[in-house]
Amino acid sequence: MKRFLKFLFVALLLLAITPAFAQLSQKLEKFDNISGIQELKIDQRMENPFQEKYVMFFEQPIDHKNPSLGTYKQRVIVALADYNAPTVLVTEGYGAAYALNPLYRDEISRLFNTNLVVVEHRYFLESVPFMQEDSTITPSTLDWSYMTGENNSADIHNINQTLREVFKGKWIATGISKGGQNSLIYTSFYPEDVDITVPYVGPLCKGVEDGRHEPFLEEVTGSQADRDVLRAFQNEFLDRRATIKPIFDSLCNAKGYKFSAPLDAIYDYTVLEFPFAFWQWGRDIETVPGKDATDKEMLNYLLMVSGPDYFAHGDANSPFFVQAAKELGYYGYDTKPFKGKLSIKNAKGYLHQLFLPEGVKVKFSKKLYRKVNKFYRTTKDSKILAIYGEYDPWSAVRVPDSDRENVKVFIDPEGSHRARIGTLPEEMKEEVMETLKSWLAE
């Protein structure tokens, strides 16, 4: 879920505006709510079904319940394979700059040679309400009231309803991490929009500090011996505070990091974050330094797994943290095993303290969780195929297993947040492919 906006692309290098618009662009130009259509490069070196690819902007209500509030422009990337082929709708949970890359293809689009529609989430990158009209607005002064799953689902619904006039085949909603969560949210609000929903590693939290992640890290991830190795590393790092922290502080100062807590606390939080980040991204336990490692080796390894930049101001994930505090939820840290070694008394409320823009205060509501959870557990019509990694801490809050024919859950053994169709064992992969093929054929 974290650091999903570490993709840096120079958009001007990717845009290739043609003198005359091609076939798909001409079809899209007739819609009044689409503007700024620009053709993108298609990399012909790869096996690529796309004939044309465009970036465009949809005009959306800032608040779908109160259209009089005004509109904003939402970035969408559209690629044509075949007008009658299925269409993959990527319900991105963050920014969508990566989709400008000529090499980009979603896994399902590649496997089934589909059209592709990638929707940038509201409040990210080029799709931020209010800021498009007033460049003096900052995250601290931005009105976050309309950063909701319901509003974003309505955004995607508008895009779906427009583009299904162009793409006549079946529609598949999918996304990774927050995008996978977003696909479930969207489908729960508009189950008739898509034929299939494929969330990858999508969490479903019920609180700002949900409470299920900590026991998952203690009991599920790896073996007990593996968990002991990580705990020993954390303790060693805290025991060496006197010698490692001056290096840590110098690094933070040299990088210009700004935090909402003292460096002593940030030191603690990077240690607390370590096992979560380690298992999330599927690190090799054999690479963890032991007691004989130097201070520099210890710090370098921590920086590679869970560096202090995650807690620094100015992270492009700020909109996510606002929404997490409002309705998506997050995870907590267990400080009890490190009693007497931390500068902080506990980690309660850390998301509000460390991640929200200055002055932004929000209260968590379970309304969205209850709606999506109820929809998932009761739907008899929507076809859902969910994929998770066994050791991914986000699997602590995954959707439950199902014995319904229309809802399938696949767990990648010892898998991480990188779990995909392609990472599954062969037998499981074949079942996934056959399930999707049969659903597409209906």
# chains A, B, ... in the order shown; residues from 1 in each chain; ligands from 1
>>> closest_atom_pairs(of="stretch 64-161 of chain A", to="stretch 327-334 of chain A", cutoff="10 Å", atoms="only C-alpha atoms", output="Markdown table")
| residue | atom | partner | partner_atom | distance |
| --- | --- | --- | --- | --- |
| A:Met147 | CA | A:Glu327 | CA | 9.7 |
| A:Thr148 | CA | A:Glu327 | CA | 7.7 |
| A:Gly149 | CA | A:Glu327 | CA | 8.1 |
>>> closest_atom_pairs(of="stretch 142-226 of chain A", to="stretch 383-390 of chain A", cutoff="6 Å", atoms="only C-alpha atoms", output="CSV")
residue,atom,partner,partner_atom,distance
A:Ile196,CA,A:Lys383,CA,4.9
A:Thr197,CA,A:Ile384,CA,4.8
A:Val198,CA,A:Leu385,CA,4.9
A:Pro199,CA,A:Ala386,CA,5.0
A:Tyr200,CA,A:Ile387,CA,5.0
A:Val201,CA,A:Tyr388,CA,4.6
>>> closest_residue(among="A:Asp32, A:Glu434, A:Asp309, A:Asp195", to="A:Thr174", atoms="only C-alpha atoms")
A:Asp195
>>> select_by_dssp(residues="stretch 40-117 of chain A", states="strand (DSSP E)", output="PDB file with C-alpha atoms, in the first residue's frame")
ATOM      1  CA  GLU A  52      -3.871   3.869 -30.174  1.00  0.00           C
ATOM      2  CA  LYS A  53      -3.302   5.351 -26.724  1.00  0.00           C
ATOM      3  CA  TYR A  54      -4.391   8.703 -25.286  1.00  0.00           C
ATOM      4  CA  VAL A  55      -4.292  10.810 -22.140  1.00  0.00           C
ATOM      5  CA  MET A  56      -7.382  12.943 -21.567  1.00  0.00           C
ATOM      6  CA  PHE A  57      -9.292  14.782 -18.883  1.00  0.00           C
ATOM      7  CA  PHE A  58     -12.872  14.143 -17.759  1.00  0.00           C
ATOM      8  CA  GLU A  59     -14.843  16.957 -16.192  1.00  0.00           C
ATOM      9  CA  GLN A  60     -16.232  15.714 -12.883  1.00  0.00           C
ATOM     10  CA  PRO A  61     -18.353  17.267 -10.116  1.00  0.00           C
ATOM     11  CA  THR A  71     -16.127  20.699 -11.279  1.00  0.00           C
ATOM     12  CA  TYR A  72     -12.547  19.512 -11.628  1.00  0.00           C
ATOM     13  CA  LYS A  73     -10.647  17.679 -14.354  1.00  0.00           C
ATOM     14  CA  GLN A  74      -9.651  14.053 -13.809  1.00  0.00           C
ATOM     15  CA  ARG A  75      -6.807  12.471 -15.778  1.00  0.00           C
ATOM     16  CA  VAL A  76      -7.597   9.232 -17.631  1.00  0.00           C
ATOM     17  CA  ILE A  77      -5.383   7.138 -19.929  1.00  0.00           C
ATOM     18  CA  VAL A  78      -7.170   5.098 -22.601  1.00  0.00           C
ATOM     19  CA  ALA A  79      -5.656   2.494 -24.922  1.00  0.00           C
ATOM     20  CA  LEU A  80      -7.480   0.804 -27.825  1.00  0.00           C
ATOM     21  CA  THR A  87     -11.939  -3.489 -21.402  1.00  0.00           C
ATOM     22  CA  VAL A  88      -9.812  -3.422 -18.267  1.00  0.00           C
ATOM     23  CA  LEU A  89     -10.681  -0.501 -16.000  1.00  0.00           C
ATOM     24  CA  VAL A  90      -7.797   0.219 -13.613  1.00  0.00           C
ATOM     25  CA  THR A  91      -9.339   1.883 -10.554  1.00  0.00           C
ATOM     26  CA  ASN A 115      -8.582  -2.354 -24.124  1.00  0.00           C
ATOM     27  CA  LEU A 116      -7.246  -0.389 -21.160  1.00  0.00           C
ATOM     28  CA  VAL A 117      -8.651   2.518 -19.162  1.00  0.00           C
TER      29      VAL A 117
END
>>> residues_around(residues="stretch 417-420 of chain A", least_positions_apart="3", cutoff="9 Å", atoms="only C-alpha atoms", output="list in words")
Met1, Glu107, Ile176, Ser177, Tyr200, Val201, Trp279, Gln280, Trp281, Gly282, Ile387, Tyr388, Gly389, Glu390, Tyr391, Asp392, Pro393, Trp394, Ser395, Ile411, Asp412, Thr423 and Leu424 of chain A
>>> atom_distance(atom1="atom CA of A:Ala85", atom2="atom CA of A:Gly169")
5.2 Å
>>> select_by_dssp(residues="stretch 34-236 of chain A", states="helix (DSSP H, G or I)", output="ChimeraX atom specification")
/A:67-69,97-100,107-112,149-163,178-189,213-219,224-236
>>> closest_residue(among="A:Pro319, A:Pro337, A:Pro246, A:Pro308", to="A:Ala232", atoms="only C-alpha atoms")
A:Pro337
>>> closest_residue(among="A:Leu230, A:Leu351, A:Met304, A:Val220", to="A:Pro413", atoms="only C-alpha atoms")
A:Val220
>>> closest_residue(among="A:Ala293, A:Ile37, A:Ala396, A:Ala316", to="A:Leu125", atoms="only C-alpha atoms")
A:Ala316
>>> residues_around(residues="A:Asp401", least_positions_apart="3", cutoff="10 Å", atoms="only C-alpha atoms", output="NGL selection string")
:A and (377 or 386 or 398 or 404 or 407-411)
>>> atom_distance(atom1="atom CA of A:Leu436", atom2="atom CA of A:Asn84")
17.3 Å
